[in-house]
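**Student:** Input file: data_34.pdb. Contents: PDB, C-alpha atoms and all ligand atoms.
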```pdb
ATOM      1  CA  MET A   1       0.000   0.000   0.000  1.00  0.00           C
ATOM      2  CA  ASN A   2       1.608   3.246  -1.113  1.00  0.00           C
ATOM      3  CA  LYS A   3      -0.296   5.600   1.215  1.00  0.00           C
ATOM      4  CA  PRO A   4      -2.837   7.022  -1.237  1.00  0.00           C
ATOM      5  CA  VAL A   5      -4.852  10.227  -0.917  1.00  0.00           C
ATOM      6  CA  TYR A   6      -8.369   9.400  -2.129  1.00  0.00           C
ATOM      7  CA  LEU A   7     -10.094  12.449  -3.576  1.00  0.00           C
ATOM      8  CA  ALA A   8     -13.815  12.295  -2.711  1.00  0.00           C
ATOM      9  CA  LEU A   9     -15.720  12.975  -5.949  1.00  0.00           C
ATOM     10  CA  ASP A  10     -18.874  14.177  -4.229  1.00  0.00           C
ATOM     11  CA  PHE A  11     -20.467  15.683  -7.332  1.00  0.00           C
ATOM     12  CA  GLN A  12     -24.022  15.332  -8.617  1.00  0.00           C
ATOM     13  CA  THR A  13     -23.131  14.135 -12.115  1.00  0.00           C
ATOM     14  CA  LEU A  14     -20.382  12.299 -13.961  1.00  0.00           C
ATOM     15  CA  SER A  15     -19.833  15.258 -16.279  1.00  0.00           C
ATOM     16  CA  GLU A  16     -19.238  17.561 -13.274  1.00  0.00           C
ATOM     17  CA  ALA A  17     -16.783  15.067 -11.801  1.00  0.00           C
ATOM     18  CA  THR A  18     -14.843  14.506 -15.014  1.00  0.00           C
ATOM     19  CA  ALA A  19     -14.780  18.242 -15.810  1.00  0.00           C
ATOM     20  CA  PHE A  20     -13.330  18.876 -12.350  1.00  0.00           C
ATOM     21  CA  LEU A  21     -10.609  16.261 -12.850  1.00  0.00           C
ATOM     22  CA  GLN A  22      -9.770  17.487 -16.328  1.00  0.00           C
ATOM     23  CA  ASN A  23      -9.777  21.230 -15.531  1.00  0.00           C
ATOM     24  CA  ASN A  24      -7.452  20.635 -12.615  1.00  0.00           C
ATOM     25  CA  GLU A  25      -5.175  18.095 -14.306  1.00  0.00           C
ATOM     26  CA  LEU A  26      -6.013  15.465 -11.742  1.00  0.00           C
ATOM     27  CA  GLN A  27      -6.542  12.565 -14.141  1.00  0.00           C
ATOM     28  CA  GLY A  28      -5.242   9.312 -12.735  1.00  0.00           C
ATOM     29  CA  VAL A  29      -5.270  10.305  -9.037  1.00  0.00           C
ATOM     30  CA  PRO A  30      -6.970   7.912  -6.571  1.00  0.00           C
ATOM     31  CA  VAL A  31     -10.663   8.813  -6.311  1.00  0.00           C
ATOM     32  CA  LYS A  32     -13.581   7.896  -4.089  1.00  0.00           C
ATOM     33  CA  VAL A  33     -17.010   7.548  -5.687  1.00  0.00           C
ATOM     34  CA  GLY A  34     -19.845   7.812  -3.194  1.00  0.00           C
ATOM     35  CA  MET A  35     -23.609   7.435  -3.117  1.00  0.00           C
ATOM     36  CA  GLU A  36     -24.312  10.853  -4.609  1.00  0.00           C
ATOM     37  CA  LEU A  37     -22.599  10.074  -7.909  1.00  0.00           C
ATOM     38  CA  PHE A  38     -23.190   6.313  -8.070  1.00  0.00           C
ATOM     39  CA  TYR A  39     -26.938   6.473  -7.375  1.00  0.00           C
ATOM     40  CA  ARG A  40     -27.353   8.914 -10.263  1.00  0.00           C
ATOM     41  CA  GLU A  41     -24.961   7.470 -12.836  1.00  0.00           C
ATOM     42  CA  GLY A  42     -24.453   3.825 -11.857  1.00  0.00           C
ATOM     43  CA  PRO A  43     -21.545   1.615 -12.948  1.00  0.00           C
ATOM     44  CA  LYS A  44     -20.762   3.795 -15.975  1.00  0.00           C
ATOM     45  CA  VAL A  45     -19.020   6.211 -13.574  1.00  0.00           C
ATOM     46  CA  ILE A  46     -16.539   3.490 -12.765  1.00  0.00           C
ATOM     47  CA  GLU A  47     -16.060   2.530 -16.428  1.00  0.00           C
ATOM     48  CA  GLU A  48     -15.354   6.168 -17.333  1.00  0.00           C
ATOM     49  CA  LEU A  49     -12.926   6.765 -14.474  1.00  0.00           C
ATOM     50  CA  LYS A  50     -11.073   3.567 -15.250  1.00  0.00           C
ATOM     51  CA  LYS A  51     -10.288   4.904 -18.729  1.00  0.00           C
ATOM     52  CA  ASN A  52      -7.969   7.378 -16.999  1.00  0.00           C
ATOM     53  CA  GLU A  53      -6.594   4.674 -14.705  1.00  0.00           C
ATOM     54  CA  HIS A  54      -7.822   6.175 -11.448  1.00  0.00           C
ATOM     55  CA  PRO A  55      -7.530   3.802  -8.480  1.00  0.00           C
ATOM     56  CA  ILE A  56     -11.155   3.705  -7.264  1.00  0.00           C
ATOM     57  CA  PHE A  57     -12.708   3.429  -3.822  1.00  0.00           C
ATOM     58  CA  LEU A  58     -16.443   2.760  -4.249  1.00  0.00           C
ATOM     59  CA  ASP A  59     -17.961   4.083  -1.043  1.00  0.00           C
ATOM     60  CA  LEU A  60     -21.515   2.737  -0.742  1.00  0.00           C
ATOM     61  CA  LYS A  61     -21.293   1.817   2.985  1.00  0.00           C
ATOM     62  CA  LEU A  62     -23.414  -1.321   2.801  1.00  0.00           C
ATOM     63  CA  HIS A  63     -25.463  -2.084   5.927  1.00  0.00           C
ATOM     64  CA  ASP A  64     -28.193  -4.726   5.600  1.00  0.00           C
ATOM     65  CA  ILE A  65     -28.896  -8.356   6.444  1.00  0.00           C
ATOM     66  CA  PRO A  66     -25.945 -10.660   5.676  1.00  0.00           C
ATOM     67  CA  ASN A  67     -27.542 -12.372   2.676  1.00  0.00           C
ATOM     68  CA  THR A  68     -28.381  -9.077   0.943  1.00  0.00           C
ATOM     69  CA  VAL A  69     -24.915  -7.670   1.567  1.00  0.00           C
ATOM     70  CA  LYS A  70     -23.272 -10.859   0.304  1.00  0.00           C
ATOM     71  CA  SER A  71     -25.241 -10.755  -2.962  1.00  0.00           C
ATOM     72  CA  ALA A  72     -24.659  -7.024  -3.431  1.00  0.00           C
ATOM     73  CA  MET A  73     -20.922  -7.473  -2.867  1.00  0.00           C
ATOM     74  CA  LYS A  74     -20.841 -10.260  -5.430  1.00  0.00           C
ATOM     75  CA  ASN A  75     -22.177  -7.772  -7.981  1.00  0.00           C
ATOM     76  CA  LEU A  76     -19.866  -4.954  -6.859  1.00  0.00           C
ATOM     77  CA  ALA A  77     -16.836  -7.234  -7.180  1.00  0.00           C
ATOM     78  CA  SER A  78     -17.504  -7.597 -10.894  1.00  0.00           C
ATOM     79  CA  ILE A  79     -17.302  -3.812 -11.442  1.00  0.00           C
ATOM     80  CA  GLY A  80     -13.576  -3.943 -10.798  1.00  0.00           C
ATOM     81  CA  VAL A  81     -12.901  -1.292  -8.156  1.00  0.00           C
ATOM     82  CA  ASP A  82     -10.030  -1.296  -5.658  1.00  0.00           C
ATOM     83  CA  ILE A  83     -11.887  -0.699  -2.380  1.00  0.00           C
ATOM     84  CA  VAL A  84     -15.479  -1.130  -1.149  1.00  0.00           C
ATOM     85  CA  ASN A  85     -16.967  -0.666   2.305  1.00  0.00           C
ATOM     86  CA  VAL A  86     -19.631  -1.665   4.832  1.00  0.00           C
ATOM     87  CA  HIS A  87     -20.757  -0.405   8.241  1.00  0.00           C
ATOM     88  CA  THR A  88     -19.288  -2.360  11.159  1.00  0.00           C
ATOM     89  CA  ALA A  89     -22.650  -1.842  12.886  1.00  0.00           C
ATOM     90  CA  GLY A  90     -24.083  -4.524  10.566  1.00  0.00           C
ATOM     91  CA  GLY A  91     -22.278  -7.038  12.768  1.00  0.00           C
ATOM     92  CA  LEU A  92     -19.795  -9.862  12.472  1.00  0.00           C
ATOM     93  CA  HIS A  93     -21.896 -12.132  10.277  1.00  0.00           C
ATOM     94  CA  MET A  94     -22.682  -9.306   7.837  1.00  0.00           C
ATOM     95  CA  MET A  95     -18.993  -8.398   7.459  1.00  0.00           C
ATOM     96  CA  THR A  96     -18.052 -12.057   6.895  1.00  0.00           C
ATOM     97  CA  ALA A  97     -20.818 -12.317   4.307  1.00  0.00           C
ATOM     98  CA  ALA A  98     -19.564  -9.180   2.557  1.00  0.00           C
ATOM     99  CA  LYS A  99     -16.106 -10.708   2.263  1.00  0.00           C
ATOM    100  CA  GLU A 100     -17.562 -13.968   0.970  1.00  0.00           C
ATOM    101  CA  GLY A 101     -19.626 -12.096  -1.643  1.00  0.00           C
ATOM    102  CA  LEU A 102     -16.519 -10.279  -2.878  1.00  0.00           C
ATOM    103  CA  ASP A 103     -14.564 -13.524  -3.140  1.00  0.00           C
ATOM    104  CA  ARG A 104     -17.389 -15.212  -5.043  1.00  0.00           C
ATOM    105  CA  GLY A 105     -17.838 -12.294  -7.441  1.00  0.00           C
ATOM    106  CA  THR A 106     -14.151 -12.037  -8.323  1.00  0.00           C
ATOM    107  CA  ASN A 107     -12.657 -14.088 -11.145  1.00  0.00           C
ATOM    108  CA  ALA A 108     -10.008 -16.658 -10.292  1.00  0.00           C
ATOM    109  CA  ASN A 109      -6.457 -15.214 -10.349  1.00  0.00           C
ATOM    110  CA  VAL A 110      -7.774 -11.684  -9.732  1.00  0.00           C
ATOM    111  CA  LYS A 111      -7.466 -10.007  -6.342  1.00  0.00           C
ATOM    112  CA  PRO A 112     -10.858  -9.035  -4.840  1.00  0.00           C
ATOM    113  CA  PRO A 113     -11.309  -5.374  -3.827  1.00  0.00           C
ATOM    114  CA  LEU A 114     -10.142  -4.449  -0.347  1.00  0.00           C
ATOM    115  CA  LEU A 115     -13.012  -4.413   2.127  1.00  0.00           C
ATOM    116  CA  LEU A 116     -13.090  -1.677   4.777  1.00  0.00           C
ATOM    117  CA  ALA A 117     -15.599  -1.267   7.601  1.00  0.00           C
ATOM    118  CA  VAL A 118     -16.760   2.115   8.919  1.00  0.00           C
ATOM    119  CA  THR A 119     -16.396   2.173  12.715  1.00  0.00           C
ATOM    120  CA  GLN A 120     -18.136   5.438  13.595  1.00  0.00           C
ATOM    121  CA  LEU A 121     -18.646   8.175  11.026  1.00  0.00           C
ATOM    122  CA  THR A 122     -16.307  11.128  11.407  1.00  0.00           C
ATOM    123  CA  SER A 123     -19.434  13.326  11.604  1.00  0.00           C
ATOM    124  CA  THR A 124     -20.246  11.695  14.973  1.00  0.00           C
ATOM    125  CA  ASP A 125     -18.888  13.047  18.255  1.00  0.00           C
ATOM    126  CA  GLU A 126     -19.069  11.432  21.659  1.00  0.00           C
ATOM    127  CA  LYS A 127     -22.156  13.374  22.736  1.00  0.00           C
ATOM    128  CA  MET A 128     -24.071  12.193  19.674  1.00  0.00           C
ATOM    129  CA  LEU A 129     -22.786   8.643  20.181  1.00  0.00           C
ATOM    130  CA  ASN A 130     -24.162   8.570  23.743  1.00  0.00           C
ATOM    131  CA  ARG A 131     -27.348  10.619  23.358  1.00  0.00           C
ATOM    132  CA  GLU A 132     -28.550   9.812  19.845  1.00  0.00           C
ATOM    133  CA  LEU A 133     -27.097   6.410  19.016  1.00  0.00           C
ATOM    134  CA  GLY A 134     -27.587   5.001  22.512  1.00  0.00           C
ATOM    135  CA  ILE A 135     -24.015   3.764  22.834  1.00  0.00           C
ATOM    136  CA  SER A 136     -22.806   4.499  26.356  1.00  0.00           C
ATOM    137  CA  TRP A 137     -19.129   3.705  25.788  1.00  0.00           C
ATOM    138  CA  SER A 138     -16.621   6.482  25.111  1.00  0.00           C
ATOM    139  CA  MET A 139     -15.794   7.130  21.456  1.00  0.00           C
ATOM    140  CA  ASN A 140     -12.397   5.441  21.842  1.00  0.00           C
ATOM    141  CA  ARG A 141     -13.844   2.346  23.508  1.00  0.00           C
ATOM    142  CA  THR A 142     -16.545   2.116  20.802  1.00  0.00           C
ATOM    143  CA  ILE A 143     -14.011   2.365  18.006  1.00  0.00           C
ATOM    144  CA  GLU A 144     -11.727  -0.173  19.658  1.00  0.00           C
ATOM    145  CA  GLU A 145     -14.561  -2.695  20.119  1.00  0.00           C
ATOM    146  CA  TYR A 146     -15.898  -2.176  16.576  1.00  0.00           C
ATOM    147  CA  ALA A 147     -12.427  -2.428  15.062  1.00  0.00           C
ATOM    148  CA  ALA A 148     -11.766  -5.655  16.969  1.00  0.00           C
ATOM    149  CA  LEU A 149     -15.024  -7.087  15.583  1.00  0.00           C
ATOM    150  CA  ALA A 150     -14.109  -5.970  12.075  1.00  0.00           C
ATOM    151  CA  CYS A 151     -10.681  -7.542  12.449  1.00  0.00           C
ATOM    152  CA  GLN A 152     -12.227 -10.794  13.675  1.00  0.00           C
ATOM    153  CA  SER A 153     -14.545 -10.875  10.630  1.00  0.00           C
ATOM    154  CA  GLY A 154     -11.629 -10.914   8.188  1.00  0.00           C
ATOM    155  CA  VAL A 155     -12.134  -7.486   6.558  1.00  0.00           C
ATOM    156  CA  ASP A 156      -8.962  -5.723   5.468  1.00  0.00           C
ATOM    157  CA  GLY A 157      -9.284  -2.673   7.652  1.00  0.00           C
ATOM    158  CA  VAL A 158     -11.483   0.068   9.039  1.00  0.00           C
ATOM    159  CA  ILE A 159     -12.531   3.626   8.370  1.00  0.00           C
ATOM    160  CA  CYS A 160     -12.091   5.856  11.403  1.00  0.00           C
ATOM    161  CA  SER A 161     -10.811   9.293  12.326  1.00  0.00           C
ATOM    162  CA  VAL A 162      -7.093   9.984  12.534  1.00  0.00           C
ATOM    163  CA  HIS A 163      -7.346  10.201  16.348  1.00  0.00           C
ATOM    164  CA  GLU A 164      -8.209   6.521  16.691  1.00  0.00           C
ATOM    165  CA  VAL A 165      -5.502   5.110  14.405  1.00  0.00           C
ATOM    166  CA  PRO A 166      -2.928   4.354  17.156  1.00  0.00           C
ATOM    167  CA  LEU A 167      -5.415   2.479  19.338  1.00  0.00           C
ATOM    168  CA  ILE A 168      -6.659   0.442  16.355  1.00  0.00           C
ATOM    169  CA  LYS A 169      -3.119  -0.459  15.315  1.00  0.00           C
ATOM    170  CA  LYS A 170      -2.397  -1.496  18.906  1.00  0.00           C
ATOM    171  CA  ALA A 171      -5.519  -3.646  19.132  1.00  0.00           C
ATOM    172  CA  CYS A 172      -5.547  -5.155  15.618  1.00  0.00           C
ATOM    173  CA  GLY A 173      -1.914  -5.049  14.475  1.00  0.00           C
ATOM    174  CA  ARG A 174      -0.021  -2.827  12.066  1.00  0.00           C
ATOM    175  CA  ALA A 175      -1.129  -4.706   8.945  1.00  0.00           C
ATOM    176  CA  PHE A 176      -4.810  -3.994   9.636  1.00  0.00           C
ATOM    177  CA  LEU A 177      -5.563  -0.988   7.416  1.00  0.00           C
ATOM    178  CA  THR A 178      -6.848   2.355   8.627  1.00  0.00           C
ATOM    179  CA  CYS A 179      -8.478   4.750   6.180  1.00  0.00           C
ATOM    180  CA  THR A 180      -9.133   8.214   7.566  1.00  0.00           C
ATOM    181  CA  PRO A 181     -11.602  10.792   6.232  1.00  0.00           C
ATOM    182  CA  GLY A 182     -12.454  13.989   8.151  1.00  0.00           C
ATOM    183  CA  ILE A 183      -9.238  15.581   6.908  1.00  0.00           C
ATOM    184  CA  ARG A 184      -9.041  19.363   7.252  1.00  0.00           C
ATOM    185  CA  PHE A 185      -6.304  21.993   7.278  1.00  0.00           C
ATOM    186  CA  ASP A 186      -6.418  24.337  10.260  1.00  0.00           C
ATOM    187  CA  ASP A 187      -7.826  27.114   8.056  1.00  0.00           C
ATOM    188  CA  ASP A 188     -10.617  24.950   6.538  1.00  0.00           C
ATOM    189  CA  ARG A 189     -14.291  24.997   7.473  1.00  0.00           C
ATOM    190  CA  LEU A 190     -15.300  21.841   9.350  1.00  0.00           C
ATOM    191  CA  GLU A 191     -18.838  21.786   7.893  1.00  0.00           C
ATOM    192  CA  ASP A 192     -20.507  18.529   9.057  1.00  0.00           C
ATOM    193  CA  GLN A 193     -17.277  16.834  10.187  1.00  0.00           C
ATOM    194  CA  LYS A 194     -16.579  16.456  13.928  1.00  0.00           C
ATOM    195  CA  ARG A 195     -13.502  14.236  14.401  1.00  0.00           C
ATOM    196  CA  VAL A 196     -11.058  16.015  12.108  1.00  0.00           C
ATOM    197  CA  ALA A 197      -7.294  16.160  11.669  1.00  0.00           C
ATOM    198  CA  THR A 198      -4.753  17.530   9.205  1.00  0.00           C
ATOM    199  CA  PRO A 199      -2.872  15.443   6.620  1.00  0.00           C
ATOM    200  CA  ARG A 200       0.249  15.899   8.778  1.00  0.00           C
ATOM    201  CA  ASP A 201      -1.547  14.498  11.870  1.00  0.00           C
ATOM    202  CA  ALA A 202      -2.736  11.569   9.738  1.00  0.00           C
ATOM    203  CA  LYS A 203       0.802  10.805   8.710  1.00  0.00           C
ATOM    204  CA  GLN A 204       2.183  11.122  12.234  1.00  0.00           C
ATOM    205  CA  ARG A 205      -0.478   8.838  13.697  1.00  0.00           C
ATOM    206  CA  GLY A 206       0.096   6.163  11.067  1.00  0.00           C
ATOM    207  CA  SER A 207      -3.004   6.229   8.811  1.00  0.00           C
ATOM    208  CA  ASP A 208      -2.608   4.020   5.753  1.00  0.00           C
ATOM    209  CA  MET A 209      -4.715   6.231   3.474  1.00  0.00           C
ATOM    210  CA  ILE A 210      -6.616   9.475   3.723  1.00  0.00           C
ATOM    211  CA  VAL A 211      -9.830  10.678   2.083  1.00  0.00           C
ATOM    212  CA  MET A 212     -10.245  14.364   1.353  1.00  0.00           C
ATOM    213  CA  GLY A 213     -13.110  16.056  -0.436  1.00  0.00           C
ATOM    214  CA  ARG A 214     -14.439  19.572  -0.044  1.00  0.00           C
ATOM    215  CA  SER A 215     -11.181  21.098   1.142  1.00  0.00           C
ATOM    216  CA  ILE A 216      -9.893  20.288  -2.359  1.00  0.00           C
ATOM    217  CA  THR A 217     -13.014  20.303  -4.554  1.00  0.00           C
ATOM    218  CA  ARG A 218     -14.190  23.678  -3.212  1.00  0.00           C
ATOM    219  CA  ALA A 219     -10.774  25.323  -3.028  1.00  0.00           C
ATOM    220  CA  ILE A 220     -10.062  28.363  -5.188  1.00  0.00           C
ATOM    221  CA  HIS A 221      -7.121  26.460  -6.694  1.00  0.00           C
ATOM    222  CA  PRO A 222      -8.001  22.757  -6.335  1.00  0.00           C
ATOM    223  CA  LYS A 223      -4.838  21.499  -8.019  1.00  0.00           C
ATOM    224  CA  LYS A 224      -2.596  23.526  -5.668  1.00  0.00           C
ATOM    225  CA  GLN A 225      -4.643  22.387  -2.693  1.00  0.00           C
ATOM    226  CA  TYR A 226      -4.337  18.732  -3.786  1.00  0.00           C
ATOM    227  CA  GLU A 227      -0.562  19.134  -4.081  1.00  0.00           C
ATOM    228  CA  ARG A 228      -0.451  20.734  -0.623  1.00  0.00           C
ATOM    229  CA  VAL A 229      -2.254  17.691   0.804  1.00  0.00           C
ATOM    230  CA  VAL A 230       0.052  15.203  -0.903  1.00  0.00           C
ATOM    231  CA  LYS A 231       3.125  17.135   0.222  1.00  0.00           C
ATOM    232  CA  GLU A 232       2.075  17.191   3.893  1.00  0.00           C
ATOM    233  CA  TRP A 233       0.960  13.577   3.780  1.00  0.00           C
ATOM    234  CA  LYS A 234       3.987  12.136   2.027  1.00  0.00           C
ATOM    235  CA  ASP A 235       6.857  14.427   3.058  1.00  0.00           C
ATOM    236  CA  GLU A 236       9.511  12.563   4.945  1.00  0.00           C
TER     237      GLU A 236
HETATM  238  O1  LIG A 301     -16.598   6.045   4.242  1.00  0.00           O
HETATM  239  C1  LIG A 301     -16.220   7.212   4.036  1.00  0.00           C
HETATM  240  O2  LIG A 301     -15.575   7.485   3.040  1.00  0.00           O
HETATM  241  C2  LIG A 301     -16.469   8.217   5.089  1.00  0.00           C
HETATM  242  C3  LIG A 301     -16.559   7.737   6.379  1.00  0.00           C
HETATM  243  C4  LIG A 301     -16.596   8.638   7.458  1.00  0.00           C
HETATM  244  O3  LIG A 301     -16.610   8.243   8.627  1.00  0.00           O
HETATM  245  N1  LIG A 301     -16.568   9.959   7.186  1.00  0.00           N
HETATM  246  C5  LIG A 301     -16.535  10.466   5.915  1.00  0.00           C
HETATM  247  O4  LIG A 301     -16.482  11.694   5.759  1.00  0.00           O
HETATM  248  N2  LIG A 301     -16.530   9.594   4.839  1.00  0.00           N
HETATM  249  C6  LIG A 301     -16.564  10.129   3.458  1.00  0.00           C
HETATM  250  O5  LIG A 301     -15.390  10.906   3.231  1.00  0.00           O
HETATM  251  C7  LIG A 301     -15.690  12.073   2.472  1.00  0.00           C
HETATM  252  C8  LIG A 301     -15.259  13.292   3.258  1.00  0.00           C
HETATM  253  O6  LIG A 301     -15.507  14.428   2.514  1.00  0.00           O
HETATM  254  P1  LIG A 301     -15.083  15.872   3.024  1.00  0.00           P
HETATM  255  O7  LIG A 301     -15.707  16.084   4.357  1.00  0.00           O
HETATM  256  O8  LIG A 301     -15.658  16.779   1.958  1.00  0.00           O
HETATM  257  O9  LIG A 301     -13.579  15.881   3.078  1.00  0.00           O
HETATM  258  C9  LIG A 301     -17.176  12.032   2.143  1.00  0.00           C
HETATM  259  O10 LIG A 301     -17.330  11.526   0.841  1.00  0.00           O
HETATM  260  C10 LIG A 301     -17.758  11.061   3.154  1.00  0.00           C
HETATM  261  O11 LIG A 301     -18.846  10.327   2.626  1.00  0.00           O
END
```
Would you mind writing the file's structure down as structure tokens?

**Tutor:**
Amino acid sequence: MNKPVYLALDFQTLSEATAFLQNNELQGVPVKVGMELFYREGPKVIEELKKNEHPIFLDLKLHDIPNTVKSAMKNLASIGVDIVNVHTAGGLHMMTAAKEGLDRGTNANVKPPLLLAVTQLTSTDEKMLNRELGISWSMNRTIEEYAALACQSGVDGVICSVHEVPLIKKACGRAFLTCTPGIRFDDDRLEDQKRVATPRDAKQRGSDMIVMGRSITRAIHPKKQYERVVKEWKDE
């Protein structure tokens, strides 16, 4: 894993997304396609992006009964993306089923996409966790327990905030991947994100990959902002 920065393509249409990539000379960079774009355009988004050889994280955050998730993952495997994800809250059996679906949907001699499990969304803070979601553990305890479950299920890693990376690595081992969204520079607006950190923090705490969206897509100079992220994230 070469520590990628996944650019979140949270655009309404494929033409908006491709225009953004082209106008800012970002063809070929790792991208994340989420619900907004995929629900509108479907698998053709992936086909189009693959023409420019973008590594692709298809972020649909599956969360359903195990059988449904297994069958959906079997279909997603055939699209040929690099990463897909589920919610850990679906439970152990659902995560195992997701992995099984990916294996079944992938041709022999081809590696299935990596499977990551969302622990707690980076838009959740501890108050919301306790008062709205009814989880009485601290955020750290919740993430540690969910990550341990994810690890036990055989998924490749988890999605969490930068702050929880060290405790996950301690509990699940260094090889268990951590993907961290909620990335902001100190001068960025947080918007709906709660558990945020800078690319430099992400690097120092040992994230394996970061996801960054609006700080780049809504910047006055997106290309320069993207390069600033990569520099902070990869600088030795
Ligand atoms: O699974 C994700 O990618 C994800 C998990 C999470 O806990 N938090 C989170 O922000 N994301 C995604 O990461 C991206 C963050 O976008 P920005 O807040 O614009 O940087 C969005 O596309 C979210 O859907």

**Student:** Please report, as a Markdown table, each residue of chain A lying at most 10 Å from ligand LIG 301 (chain A), together with the nearest pair of atoms and the separation in Å rounded to one decimal; use all atoms listed in the file, and order rows by chain and ascending residue number.

**Tutor:**
```
| residue | atom | partner | partner_atom | distance |
| --- | --- | --- | --- | --- |
| A:Tyr6 | CA | A:LIG301 | O5 | 9.0 |
| A:Leu7 | CA | A:LIG301 | C7 | 8.2 |
| A:Ala8 | CA | A:LIG301 | O10 | 5.1 |
| A:Leu9 | CA | A:LIG301 | O10 | 7.1 |
| A:Asp10 | CA | A:LIG301 | O10 | 5.9 |
| A:Phe11 | CA | A:LIG301 | O10 | 9.7 |
| A:Lys32 | CA | A:LIG301 | O10 | 7.2 |
| A:Val33 | CA | A:LIG301 | O10 | 7.7 |
| A:Gly34 | CA | A:LIG301 | O10 | 6.0 |
| A:Met35 | CA | A:LIG301 | O11 | 8.0 |
| A:Glu36 | CA | A:LIG301 | O10 | 8.9 |
| A:Phe57 | CA | A:LIG301 | O2 | 8.5 |
| A:Leu58 | CA | A:LIG301 | O2 | 8.7 |
| A:Asp59 | CA | A:LIG301 | O1 | 5.8 |
| A:Leu60 | CA | A:LIG301 | O1 | 7.7 |
| A:Lys61 | CA | A:LIG301 | O1 | 6.4 |
| A:Val84 | CA | A:LIG301 | O1 | 9.0 |
| A:Asn85 | CA | A:LIG301 | O1 | 7.0 |
| A:Val86 | CA | A:LIG301 | O1 | 8.3 |
| A:His87 | CA | A:LIG301 | O1 | 8.7 |
| A:Leu116 | CA | A:LIG301 | O1 | 8.5 |
| A:Ala117 | CA | A:LIG301 | O1 | 8.1 |
| A:Val118 | CA | A:LIG301 | O1 | 6.1 |
| A:Thr119 | CA | A:LIG301 | O3 | 7.3 |
| A:Gln120 | CA | A:LIG301 | O3 | 5.9 |
| A:Leu121 | CA | A:LIG301 | O3 | 3.1 |
| A:Thr122 | CA | A:LIG301 | O3 | 4.0 |
| A:Ser123 | CA | A:LIG301 | N1 | 6.3 |
| A:Thr124 | CA | A:LIG301 | O3 | 8.1 |
| A:Val158 | CA | A:LIG301 | O1 | 9.2 |
| A:Ile159 | CA | A:LIG301 | C3 | 6.1 |
| A:Cys160 | CA | A:LIG301 | O3 | 5.8 |
| A:Ser161 | CA | A:LIG301 | O3 | 7.0 |
| A:Cys179 | CA | A:LIG301 | O2 | 8.2 |
| A:Thr180 | CA | A:LIG301 | C4 | 7.5 |
| A:Pro181 | CA | A:LIG301 | O5 | 4.8 |
| A:Gly182 | CA | A:LIG301 | O4 | 5.2 |
| A:Ile183 | CA | A:LIG301 | O9 | 5.8 |
| A:Arg184 | CA | A:LIG301 | O9 | 7.1 |
| A:Arg189 | CA | A:LIG301 | O7 | 9.5 |
| A:Leu190 | CA | A:LIG301 | O7 | 7.6 |
| A:Glu191 | CA | A:LIG301 | O7 | 7.4 |
| A:Asp192 | CA | A:LIG301 | O7 | 7.1 |
| A:Gln193 | CA | A:LIG301 | O7 | 6.1 |
| A:Lys194 | CA | A:LIG301 | N1 | 9.4 |
| A:Arg195 | CA | A:LIG301 | O3 | 8.9 |
| A:Val196 | CA | A:LIG301 | O7 | 9.0 |
| A:Ile210 | CA | A:LIG301 | O5 | 8.9 |
| A:Val211 | CA | A:LIG301 | O5 | 5.7 |
| A:Met212 | CA | A:LIG301 | O9 | 4.0 |
| A:Gly213 | CA | A:LIG301 | O9 | 3.5 |
| A:Arg214 | CA | A:LIG301 | O8 | 3.6 |
| A:Ser215 | CA | A:LIG301 | O9 | 6.1 |
| A:Ile216 | CA | A:LIG301 | O9 | 7.9 |
| A:Thr217 | CA | A:LIG301 | O8 | 7.9 |
| A:Arg218 | CA | A:LIG301 | O8 | 8.7 |
```

**Student:** Find the residues around Asn75 (chain A) up to 12 Å (only C-alpha atoms counted), leave out those fewer than 3 positions away in its own chain, and share them as a list in words.

**Tutor:**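 What passes the distance filter is Pro43, Thr68, Val69, Lys70, Ser71, Ala72, Ser78, Ile79, Gly80, Val81, Val84, Ala98, Glu100, Gly101, Leu102, Asp103, Arg104, Gly105, Thr106, Asn107, Pro112 and Pro113 of chain A.
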
**Student:** Measure the distance from CA of Glu25 (chain A) to CA of Glu227 (chain A) in Å and round it to one decimal.

**Tutor:**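 Value for the CA of Glu25 (chain A)-CA of Glu227 (chain A) distance: 11.3 Å.
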
**Student:** Find the distance between CA of His163 (chain A) and CA of Met73 (chain A) and write it in Å to one decimal.

**Tutor:**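 We find that CA of His163 (chain A) and CA of Met73 (chain A) lie 29.4 Å from each other.
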
**Student:** Using only C-alpha atoms, which protein or nucleic acid residues come within 10 Å of Ile65 (chain A)? Drop anything in the same chain fewer than 2 positions from it, and give the result as a PyMOL selection string.

**Tutor:** chain A and resi 62-63+67-70+90-91+93-95+97

**Student:** Which one is closest to His54 (chain A): A:Leu26, A:Ile135, A:Leu149, A:Leu167? Count all atoms listed in the file.

**Tutor:** A:Leu26

**Student:** Grab the CA of Ser153 (chain A) to CA of Ala77 (chain A) distance for me, in Å with one decimal place.

**Tutor:**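 About the pair CA of Ser153 (chain A) and CA of Ala77 (chain A): they are 18.3 Å apart.
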
**Student:** Of the residues A:Gly157, A:Gly42, A:Pro66, A:Pro199, which is the one nearest to Val5 (chain A), using only C-alpha atoms?

**Tutor:**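 Going through A:Gly157, A:Gly42, A:Pro66, A:Pro199 one by one, the smallest distance to Val5 (chain A) is for A:Pro199.
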
**Student:** In the coordinates of the file, take the point (-12.3, -5.7, 16.6) and a cut-off of 12 Å; then, counting all atoms listed in the file, name each qualifying protein, DNA or RNA residue as a PyMOL selection string.

**Tutor:** chain A and resi 88-89+91-92+95+117-119+141-158+167-173+176

**Student:** Which one of A:Val165, A:Met209, A:Ala219, A:Ala175 sits closest to Val31 (chain A) if you count all atoms listed in the file?

**Tutor:**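 So, comparing all the options, the nearest one is A:Met209.
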